[in-house]
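Asks: Take a look at the following structure, please.
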Amino acid sequence: MGLVDKGRLPAPLTKLFNMSRSYSLWVYQWGLACCAIEMGAAFGSPRYDVMRLGVIPLPASPRQADFVCVSGTVTDKMAPAVKRLWEQMPEPKYAISMGSCANCGGPYWDSYSVTKGVDQILPVDIYVPGCPPRPEALLEGIVLLQQRIKNEDMAAKWRGDEFTTLQRTRAVEAGEVDRDGELIAETHSISEDPTPDARPEPIVVGGGPIE
Amino acid sequence: MSDDTTTTEDAPAALPGDGLREGIVDDLRARIGDALVDSHIAPNDDVWVRVTTAGWRPAGEALKAAGFTYFCFLSGIDWMPSPYGKGEDDPDAEPVEPDTEIRQGVTGGETRLQVFARVTDLERHVGITIKADVDDDAPVVDSWSSLYAGANWHERECHEMFGIGFNGHPDLRNMYLPTEFEGYPLRKDFPLLARMVKPWPGIVDVEPMPAQDDEDAGAEGDSS
Amino acid sequence: MSLTDRQQLSYIASQAADARLNVELETEGMTLNIGPQHPATHGTLRIICRLDGEQVIWAEPSAGYMHRGYEKLTEVRTFPQVTTLVNRIDWLGSFANEVPFILAAEKLMEIEAPPRAQVIRTILFELSRIANVSLFLGDLGVQMGAVTPVFLAFRDREYVLNLIEGATGGRFHPNFDRIGGLKDDLPKGWIDETRQVVKKLMQFCDTIEDLLFGNEIFQSRMRGIGVIPADIAKDYGLSGPNLRASGVDWDLRRDQDLPLAWDKVDWKVWTHPDGDSWARCWIRLQETREACKIVEQLLDQIPAGPVMTKVPRIIKVPAGEAWVSTENPLGEMGYYVVSKGDLGPFRVKIRSASFNNISIVPWVLKGVYVPDVITILASLYFILGDIDR
Ligand code: SF4
C-alpha cells in the first residue's frame with residue numbers, strides 16, 4: 001500500500017475500499033440499558049434483520065469490531081469501562097450513540113450518577129435520538145454511517161487529518177482550498193491544524209446535516 | 001405437565017381484616033414491651049409500628065417469630081424538607097420561605113433520619129411496616145442481616161444512600177456508587193448539581209392551560 | 001427432599017475423587033470475572049467468582065453499573081412525571097412498573113379508576129408480562145448455546161409490542177397510566193387483533209416447550225441445579241416465579257385486594273416443589289400461558305364507560321404514606337410513597353424484584369460448577385435496571 005503511505009490514494013481505489021468497508025462492518029454492541037433491547041431487536045430479530053445492510057453483529061471481542069453501538073445509560077461507574085472498550089477497538093473505528101441517555105443523559109439529565117452523554121468519553125459519529133429509538137431509527141443511523149464511510153477520504157484519514165470528500169467540497173465552496181486540496185488561505189492549515197483526534201461533525205438521525 | 005407439580009386454585013380464605021392487624025400489634029407489644037412506641041392502622045389497608053432505636057433488632061426477631069418470614073425491603077428516610085426545593089421553580093416568582101420544619105409521617109418520630117422495613121406473613125397474607133428512629137449524631141442501628149438474609153444488601157444500600165450505619169453488618173461496602181463518591185445521595189441536603197447549574201428545561205415553555213371546561217374538569221381540585 | 005443411599009454414596013465417591021485430584025494437581029484458586037459486559041448478564045452486571053478447579057467457592061455480584069438514582073429523581077418530579085421515570089426500571093415490562101405507583105398515588109388521593117380502566121390496565125399489565133417473559137424464554141436457549149429460540153422470541157414478541165404500541169403509542173415505554181385512569185381508550189379493532197396475537201403467543205409457548213423444555217440437554221443442565229429451599233427463598237425476599245418455584249404459594253395478584261381485574265377471571269397460580277433452575281423456568285412458561293388466558297378472558301369483559309375519573313388538573317396528593325406492590329413479571333414490585341401534600345412525592349422507596357432475587361447469588365452459586373453459573377443466573381432472571389434502579 002505504498003500509495004497510501006505517500007498519501008496519494010487514487011480516487012477509484014478509495015471508492016472501492018470505502019465501499020467494501022461500509023458493507024462489511026462488524027458492530028460491537030454495548031447494550032447498557034433499555035435501549036439494548038431495541039438494539040437486540042434490530043440486530044437479532046428476523047423482523048429488522050441488520051445483516052441485509054452488510055452489518056454483522058456479535059463479534060467475539062471489541063478488537064474485531066469496526067464500530068460500536070453504545071445504547072443506554074452510561075453511568076459514572078461504567079464510564080471507565082466504556083472508555084477502555086473504545087481504546088481496545090482498532091482504527092478505523094466509529095461510534096453510534098443510541099438513545100437519549102447515551103446522547104445527553106435523557107430522563108436522567110439531573111441524576112447524580114449518570115454521565116450526561118457518552119460523547120464525553122468517546123467521539124460519536126451518529127446520534128440516534130429517542131427513548132428508546134425504534135429499531136428502524138437505529139438502522140437509519142447505520143445507513144448514515146455507511147454513507148459517511150463511503151464519503152471518507154481514506155488517505156487523509158490515515159495521514160491523521162480528517163477531511164471527508166464532502167468537507168472538501170464544502171471547503172472548496174468556501175474558497176479555503178482549491179480543487180486539488182491545496183490550501184488557498186493560510187488560516188486553515190489542514191496538515192497541521194486539526195488535532196489528531198479531531199473528527200467530523202456528528203450526524204443526528206432525523207435531523208442535522210446528512211452527508 | 002408432570003405430576004410432581006402443584007397448582008392452587010383456591011383464593012385465600014379471607015383477606016386480612018383490621019382485627020387481625022390489631023392482633024398483630026398487640027402480639028408484638030407483648031413480645032417487645034415498651035420498645036414499641038406507636039402504631040397506626042389504616043383501615044382495611046395496612047399497619048405501621050414504630051419501635052425505639054434499641055428495639056429495632058428485637059422487633060425484627062419478634063416479627064420473624066410471629067410468622068413474618070418473608071423479607072420485603074428495608075430502607076431509610078430523611079424527614080428534613082429539602083433546602084433546595086425542586087430547582088424548577090419559576091425564576092421570576094417571589095422566593096418562598098423554605099420549609100425547614102421536620103414533620104414525620106405516620107407513627108411520628110423524633111429524629112430526622114428513620115429506618116423502615118417491611119416484612120410479610122405469607123400464611124396470613126398480611127404485611128407490616130416497621131419504623132425506628134435513628135440518632136442524628138450517631139446514625140447507627142443494629143443490623144438485621146443475620147436475621148433476614150435479604151437485609152444484607154438493603155442495609156448496604158441504605159448505608160450508602162443515607163449514611164446510616166448497621167451494627168453487626170458483615171460488609172458495608174458501597175454498592176452502587178464509585179468508592180470515591182462523596183456524600184449520601186438520598187439525604188435531602190444532597191444537591192442535584194445538574195439542576196443547580198441548569199434550570200429545569202420544562203420551565204421555559206410553560207404555556208397557560210387551555211381554558212377550563214367546567215363540566216369535565218371537576219371543580220373539586222385545588223388548581224393553584 | 002431425601003436422597004437415596006445410592007445418591008449419597010455416589011456423592012461421597014465423587015467428593016473423594018475430587019479431593020484426590022486436588023492433592024495431585026494442587027489446583028490453585030483462581031478468580032473469574034464475568035462482566036460487566038457479558039451476554040449472559042442481561043446488561044451490565046459483574047460477577048466475581050473465586051474458583052477452585054471448576055467449582056465456585058465464592059461469588060459476589062457487583063452491581064451499580066446501571067444505578068441511575070431513581071429514588072432521588074422522584075423527589076424532584078411531580079406525580080405525573082414520575083411514571084415516565086419508573087417505567088424504565090424493569091424495561092421489558094414497563095407498563096407493569098407504572099401500575100403500582102399509580103395505585104399508590106390513587107390510594108393516597110382516595111380515588112379509584114373506573115372499571116373500564118381497571119380492566120384495560122390489567123390487560124396491558126399481562127401483555128407486558130408476556131412481552132417480558134417471552135424474551136426470557138427465548139434467551140434461555142442462548143445461555144445454553146441454542147440460538148433458535150431467541151429468534152422465535154423476538155419474532156413473536158413483536159406482535160405483543162405492536163399491540164402495546166397500538167394502544168399506548170410506545171413500544172415499550174408506554175407512559176400510559178394516569179392517576180385516576182388511563183390516558184386514552186383502546187383503538188378500534190384492537191380487541192380482535194389481541195385475540196389473534198394471544199393465540200400466536202400460546203403457540204409460541206408450545207413451541208418453546210417442545211424445543212427447550214423437552215430437550216434432553218436442557219433438562220440435564222437445569223434439573224437439580226441451583227436448588228433454593230423455600231425458607232431460604234423467603235429469607236432473601238425472593239419473589240415472583242423464583243419464590244413459587246421453591247414451592248411457596250404466594251402470588252400478589254391473587255393474595256391481595258387491588259382495584260384491578262384479576263379476581264374477575266379464572267386462572268391458576270403455579271408452584272413447583274423442586275426449587276431448581278428447571279422449576280423456575282417452567283413456572284415462567286406456565287405463567288406466560290396463564291397471562292394469555294387472563295388476557296383472553298378479560299377481552300370479553302371490558303365494561304363500557306369512561307377510562308378516566310375526575311381528577312383535578314393539577315394533581316396534589318394529600319399527605320400520607322402508602323405501600324402498594326403488584327406481581328410484576330419479575331416478582332414483587334412495590335412503591336412506598338410518602339407524600340407531604342405537594343405536587344411531587346416526598347420520598348419514594350422502590351422495592352424492585354430483581355434486587356432481592358439477585359441478592360441470593362452468593363448463596364446459590366457457592367459450590368456449583370462454572371457452566372452452571374450461567375444457567376443459574378439465567379433462571380433467576382433479572383433485569384439490570386431492576387437491580388440497580
Ligand atoms: S434512552 Fe430511554 S430507553 Fe434508552 S436507555 Fe435511556 S431511558 Fe432507556
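Each chain in the C-alpha cells gets a letter, A, B, ..., in the order shown, and its residues are numbered from 1; ligands are numbered from 1 in order too.
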Write as number ranges by chain the residues around ligand 1, taking 6 Å as the cut-off and counting only C-alpha atoms and all ligand atoms.

Replies: A: 33-35, 72-73, 99-101, 106, 131-132; C: 88

Asks: Give me, as a Markdown table, each residue of chain A that comes within 9 Å of chain B, together with its shortest interatomic pair and the distance in Å at one decimal, counting only C-alpha atoms, with rows ordered by chain and rising residue number.

Replies:
| residue | atom | partner | partner_atom | distance |
| --- | --- | --- | --- | --- |
| A:Asp76 | CA | B:Pro178 | CA | 7.7 |
| A:Lys77 | CA | B:Pro178 | CA | 5.7 |
| A:Trp109 | CA | B:Ala194 | CA | 7.2 |
| A:Asp110 | CA | B:Ala194 | CA | 4.8 |
| A:Ser111 | CA | B:Leu192 | CA | 6.7 |
| A:Tyr112 | CA | B:Leu192 | CA | 6.2 |
| A:Ser113 | CA | B:Leu177 | CA | 7.4 |

Asks: Please, which residues of chain C lie no more than 9 Å from chain A when the count uses only C-alpha atoms, and can they be set out as a VMD selection string?

Replies: chain C and resid 36 to 37 42 to 44 64 to 70 72 to 73 84 to 85 88 to 92 150 to 155 158 171 to 173 384 to 385

Asks: Within 7 Å of chain B, which residues of chain C come that close, and what is the closest atom pair and distance in Å for each? Count only C-alpha atoms and give it as CSV.

Replies:
residue,atom,partner,partner_atom,distance
C:Ala63,CA,B:Tyr176,CA,6.2
C:Gly64,CA,B:Tyr176,CA,3.8
C:His67,CA,B:Tyr176,CA,6.0
C:Lys72,CA,B:Leu186,CA,5.8
C:Val76,CA,B:Lys86,CA,5.0
C:Lys234,CA,B:Tyr70,CA,4.7
C:Asp235,CA,B:Tyr148,CA,5.2
C:Tyr236,CA,B:Gly150,CA,3.7
C:Gly237,CA,B:Phe71,CA,4.6
C:Trp250,CA,B:Leu122,CA,6.8
C:Arg254,CA,B:Ala11,CA,6.6
C:Asp255,CA,B:Pro12,CA,6.6
C:Gln256,CA,B:Leu15,CA,6.9
C:Lys268,CA,B:Glu9,CA,5.6
C:Val269,CA,B:Thr8,CA,5.6
C:Trp270,CA,B:Thr7,CA,4.8
C:Thr271,CA,B:Thr6,CA,5.7
C:His272,CA,B:Thr5,CA,5.1
C:Pro273,CA,B:Thr5,CA,6.6
C:Lys310,CA,B:Gly218,CA,5.7
C:Val311,CA,B:Gly218,CA,6.5
C:Pro312,CA,B:Gly221,CA,4.3
C:Arg313,CA,B:Ser223,CA,6.6
C:Ile314,CA,B:Ser223,CA,5.6
C:Gly320,CA,B:Gly105,CA,6.7
C:Arg351,CA,B:Phe73,CA,6.4
C:Asn356,CA,B:Gly150,CA,6.5
C:Ser359,CA,B:Trp153,CA,6.7

Asks: Give me, as a list of chain:residue names, all polymer residues having an atom no more than 8 Å from Asn87 (chain C), counting only C-alpha atoms and skipping those fewer than 5 positions away in the same chain.

Replies: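 Residues meeting the cut-off are C:Gly93, C:Ser94, C:Phe95, C:Ala96, C:Asn97, C:Glu98, C:His173, C:Pro174, C:Asn175.
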
Asks: If you run DSSP on the backbone here, which positions in region 7-176 of chain B get helix (DSSP H, G or I)? Please write them as a ChimeraX atom specification.

Replies: /B:18-35,56-65,151-162

Asks: I need the chosen residues saved as an mmCIF file, in the first residue's frame, with C-alpha atoms.

Replies:
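Output file result22.cif follows:
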data_model
loop_
_atom_site.group_PDB
_atom_site.id
_atom_site.type_symbol
_atom_site.label_atom_id
_atom_site.label_comp_id
_atom_site.auth_asym_id
_atom_site.auth_seq_id
_atom_site.Cartn_x
_atom_site.Cartn_y
_atom_site.Cartn_z
ATOM 1 C CA ASP B 18 -58.284 -4.855 60.776
ATOM 2 C CA GLY B 19 -58.966 -7.232 63.649
ATOM 3 C CA LEU B 20 -56.030 -9.315 62.512
ATOM 4 C CA ARG B 21 -53.844 -6.238 62.229
ATOM 5 C CA GLU B 22 -54.721 -5.134 65.732
ATOM 6 C CA GLY B 23 -53.945 -8.614 66.929
ATOM 7 C CA ILE B 24 -50.546 -8.399 65.302
ATOM 8 C CA VAL B 25 -49.743 -5.132 67.008
ATOM 9 C CA ASP B 26 -50.873 -6.489 70.369
ATOM 10 C CA ASP B 27 -48.832 -9.596 69.855
ATOM 11 C CA LEU B 28 -45.781 -7.540 69.003
ATOM 12 C CA ARG B 29 -46.314 -5.359 72.042
ATOM 13 C CA ALA B 30 -46.483 -8.441 74.208
ATOM 14 C CA ARG B 31 -43.197 -9.647 72.772
ATOM 15 C CA ILE B 32 -41.111 -6.496 72.910
ATOM 16 C CA GLY B 33 -42.898 -4.462 75.553
ATOM 17 C CA ASP B 34 -42.005 -0.808 75.809
ATOM 18 C CA ALA B 35 -39.810 -0.842 72.757
ATOM 19 C CA TRP B 56 -35.095 -2.368 66.173
ATOM 20 C CA ARG B 57 -33.450 -5.733 66.178
ATOM 21 C CA PRO B 58 -35.625 -7.318 68.930
ATOM 22 C CA ALA B 59 -38.646 -6.176 66.972
ATOM 23 C CA GLY B 60 -37.315 -7.905 63.906
ATOM 24 C CA GLU B 61 -36.737 -11.072 65.873
ATOM 25 C CA ALA B 62 -40.194 -10.913 67.345
ATOM 26 C CA LEU B 63 -41.787 -10.395 63.971
ATOM 27 C CA LYS B 64 -39.908 -13.280 62.487
ATOM 28 C CA ALA B 65 -41.015 -15.481 65.362
ATOM 29 C CA ALA B 151 -31.476 -7.453 54.598
ATOM 30 C CA ASN B 152 -27.780 -7.617 53.840
ATOM 31 C CA TRP B 153 -27.974 -5.809 50.513
ATOM 32 C CA HIS B 154 -30.722 -3.494 51.606
ATOM 33 C CA GLU B 155 -28.608 -2.328 54.505
ATOM 34 C CA ARG B 156 -25.661 -1.771 52.231
ATOM 35 C CA GLU B 157 -27.853 0.337 50.020
ATOM 36 C CA CYS B 158 -29.247 2.247 52.964
ATOM 37 C CA HIS B 159 -25.784 2.884 54.319
ATOM 38 C CA GLU B 160 -24.648 4.206 51.003
ATOM 39 C CA MET B 161 -27.678 6.373 50.392
ATOM 40 C CA PHE B 162 -28.277 7.748 53.878
#

Asks: I need the residue nearest Leu145 (chain A) from this list: A:Gly130, A:Pro12, A:Pro62, A:Gly54. Use only C-alpha atoms for the distance.

Replies: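 For Leu145 (chain A), the nearest of the candidates is A:Gly54.
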
Asks: So which residues touch Leu299 (chain C) within 10 Å, counting only C-alpha atoms, skipping near sequence neighbours fewer than 4 positions away, as a PDB file with N, CA and C atoms, in the first residue's frame?

Replies:
ATOM      1  N   VAL C 119     -59.881  -2.789  33.940  1.00  0.00           N
ATOM      2  CA  VAL C 119     -59.734  -3.984  33.113  1.00  0.00           C
ATOM      3  C   VAL C 119     -58.652  -3.756  32.060  1.00  0.00           C
ATOM      4  N   ILE C 120     -58.647  -2.575  31.448  1.00  0.00           N
ATOM      5  CA  ILE C 120     -57.638  -2.336  30.415  1.00  0.00           C
ATOM      6  C   ILE C 120     -56.253  -2.343  31.045  1.00  0.00           C
ATOM      7  N   ILE C 123     -55.233  -5.842  31.383  1.00  0.00           N
ATOM      8  CA  ILE C 123     -54.854  -6.454  30.109  1.00  0.00           C
ATOM      9  C   ILE C 123     -53.453  -6.004  29.723  1.00  0.00           C
ATOM     10  N   TRP C 190     -58.634  -3.167  18.128  1.00  0.00           N
ATOM     11  CA  TRP C 190     -57.529  -3.655  18.953  1.00  0.00           C
ATOM     12  C   TRP C 190     -57.876  -4.986  19.594  1.00  0.00           C
ATOM     13  N   ILE C 191     -59.139  -5.096  20.010  1.00  0.00           N
ATOM     14  CA  ILE C 191     -59.533  -6.287  20.764  1.00  0.00           C
ATOM     15  C   ILE C 191     -59.432  -7.524  19.879  1.00  0.00           C
ATOM     16  N   ASP C 192     -59.885  -7.408  18.648  1.00  0.00           N
ATOM     17  CA  ASP C 192     -59.810  -8.569  17.764  1.00  0.00           C
ATOM     18  C   ASP C 192     -58.366  -8.938  17.490  1.00  0.00           C
ATOM     19  N   THR C 194     -55.857  -8.415  19.370  1.00  0.00           N
ATOM     20  CA  THR C 194     -55.270  -9.024  20.558  1.00  0.00           C
ATOM     21  C   THR C 194     -55.644 -10.490  20.651  1.00  0.00           C
ATOM     22  N   ARG C 195     -56.898 -10.786  20.325  1.00  0.00           N
ATOM     23  CA  ARG C 195     -57.301 -12.196  20.390  1.00  0.00           C
ATOM     24  C   ARG C 195     -56.395 -13.063  19.532  1.00  0.00           C
ATOM     25  N   LYS C 293     -54.188 -16.546  29.005  1.00  0.00           N
ATOM     26  CA  LYS C 293     -55.572 -16.885  29.351  1.00  0.00           C
ATOM     27  C   LYS C 293     -56.274 -15.692  29.978  1.00  0.00           C
ATOM     28  N   ILE C 294     -55.548 -15.020  30.864  1.00  0.00           N
ATOM     29  CA  ILE C 294     -56.170 -13.874  31.540  1.00  0.00           C
ATOM     30  C   ILE C 294     -56.573 -12.834  30.504  1.00  0.00           C
ATOM     31  N   VAL C 295     -55.652 -12.550  29.586  1.00  0.00           N
ATOM     32  CA  VAL C 295     -55.959 -11.534  28.579  1.00  0.00           C
ATOM     33  C   VAL C 295     -57.159 -11.965  27.755  1.00  0.00           C
ATOM     34  N   PRO C 303     -65.863  -3.614  30.440  1.00  0.00           N
ATOM     35  CA  PRO C 303     -67.123  -2.900  30.591  1.00  0.00           C
ATOM     36  C   PRO C 303     -67.094  -1.590  29.823  1.00  0.00           C
TER      37      PRO C 303
END

Asks: Pick out the residues sitting within 7 Å of Ile96 (chain A), and hand them over as a PyMOL selection string; count only C-alpha atoms, and ignore anything fewer than 5 positions along from it in its own chain.

Replies: chain A and resi 68-70+124-127

Asks: Could you please take those selected residues and save C-alpha atoms as a CSV table (one decimal), in the first residue's frame?

Replies:
chain,number,residue,atom,x,y,z
A,68,VAL,CA,-19.6,0.3,18.4
A,69,CYS,CA,-23.2,0.9,19.2
A,70,VAL,CA,-23.5,2.4,22.7
A,124,VAL,CA,-19.6,9.9,18.5
A,125,ASP,CA,-20.3,9.8,14.8
A,126,ILE,CA,-24.0,9.2,14.7
A,127,TYR,CA,-26.6,10.2,17.3

Asks: Hey, can you check how far CA of Ile164 (chain C) sits from CA of Thr148 (chain C)?

Replies: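 Spanning CA of Ile164 (chain C) to CA of Thr148 (chain C) is a straight-line distance of 24.9 Å.
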
Asks: As a list in words, please: the residues near region 214-217 of chain C (cut-off 12 Å, only C-alpha atoms, same-chain neighbours under 2 positions excluded).

Replies: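 Near neighbours after the sequence-gap exclusion: Met1 and Ser2 of chain B; Gly141, Met144, Gly145, Ala146, Asp206, Thr207, Ile208, Glu209, Asp210, Leu211, Leu212, Gln219, Ser220, Arg221, Met222, Arg223, Trp278 and Trp282 of chain C.
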
Asks: Could you state the separation of CA of Ala54 (chain B) and CA of Ile232 (chain C) in Å, given to one decimal place?

Replies: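 Computed distance, CA of Ala54 (chain B) to CA of Ile232 (chain C), equals 26.7 Å.
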
Asks: Please identify which residues in region 101-283 of chain C DSSP calls strand (DSSP E or B) from the backbone, and express them as number ranges by chain.

Replies: C: 177-178, 181-182, 269-271

Asks: How about saving the chosen residues, N, CA, C and O atoms kept, as a tab-separated table (two decimals), in the first residue's frame?

Replies:
chain	number	residue	atom	x	y	z
C	177	ASP	N	-50.39	5.13	31.86
C	177	ASP	CA	-51.21	5.10	33.04
C	177	ASP	C	-51.25	6.50	33.64
C	177	ASP	O	-50.23	7.17	33.71
C	178	ARG	N	-52.42	6.91	34.06
C	178	ARG	CA	-52.55	8.20	34.68
C	178	ARG	C	-53.18	8.03	36.05
C	178	ARG	O	-53.90	7.06	36.28
C	181	GLY	N	-56.91	6.85	36.08
C	181	GLY	CA	-57.37	6.10	34.92
C	181	GLY	C	-56.28	5.94	33.89
C	181	GLY	O	-55.13	5.72	34.21
C	182	LEU	N	-56.67	6.04	32.64
C	182	LEU	CA	-55.73	5.85	31.55
C	182	LEU	C	-55.76	7.07	30.65
C	182	LEU	O	-56.71	7.84	30.66
C	269	VAL	N	-52.41	-20.20	39.89
C	269	VAL	CA	-51.06	-19.87	40.34
C	269	VAL	C	-50.28	-21.17	40.35
C	269	VAL	O	-50.65	-22.12	41.02
C	270	TRP	N	-49.22	-21.19	39.59
C	270	TRP	CA	-48.46	-22.43	39.51
C	270	TRP	C	-47.32	-22.40	40.51
C	270	TRP	O	-46.64	-21.39	40.66
C	271	THR	N	-47.13	-23.52	41.17
C	271	THR	CA	-45.94	-23.66	42.01
C	271	THR	C	-45.25	-24.96	41.66
C	271	THR	O	-45.83	-25.83	40.99

Asks: Can you list, as a list in words, every protein, DNA or RNA residue that comes within 12 Å of Val307 (chain C) when you count only C-alpha atoms, leaving out same-chain residues fewer than 5 positions away?

Replies: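 Counting only the stated atoms, we get Glu112, Ala113, Pro114, Pro115, Arg116, Ala117, Gln118, Val119, Ile120, Arg121, Phe176, Asp177, Arg178, Ile179, Gly180, Gly181, Leu182, Lys183, Asp184, Asp185, Leu186 and Ile302 of chain C.
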
Asks: Could you check the closest approach to Gly224 (chain C) for each of C:Thr168, C:Gln196, C:Gln203, C:Ser277 and tell me which residue wins, using only C-alpha atoms?

Replies: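 Looking at the shortest contact to Gly224 (chain C), the residue is C:Ser277.
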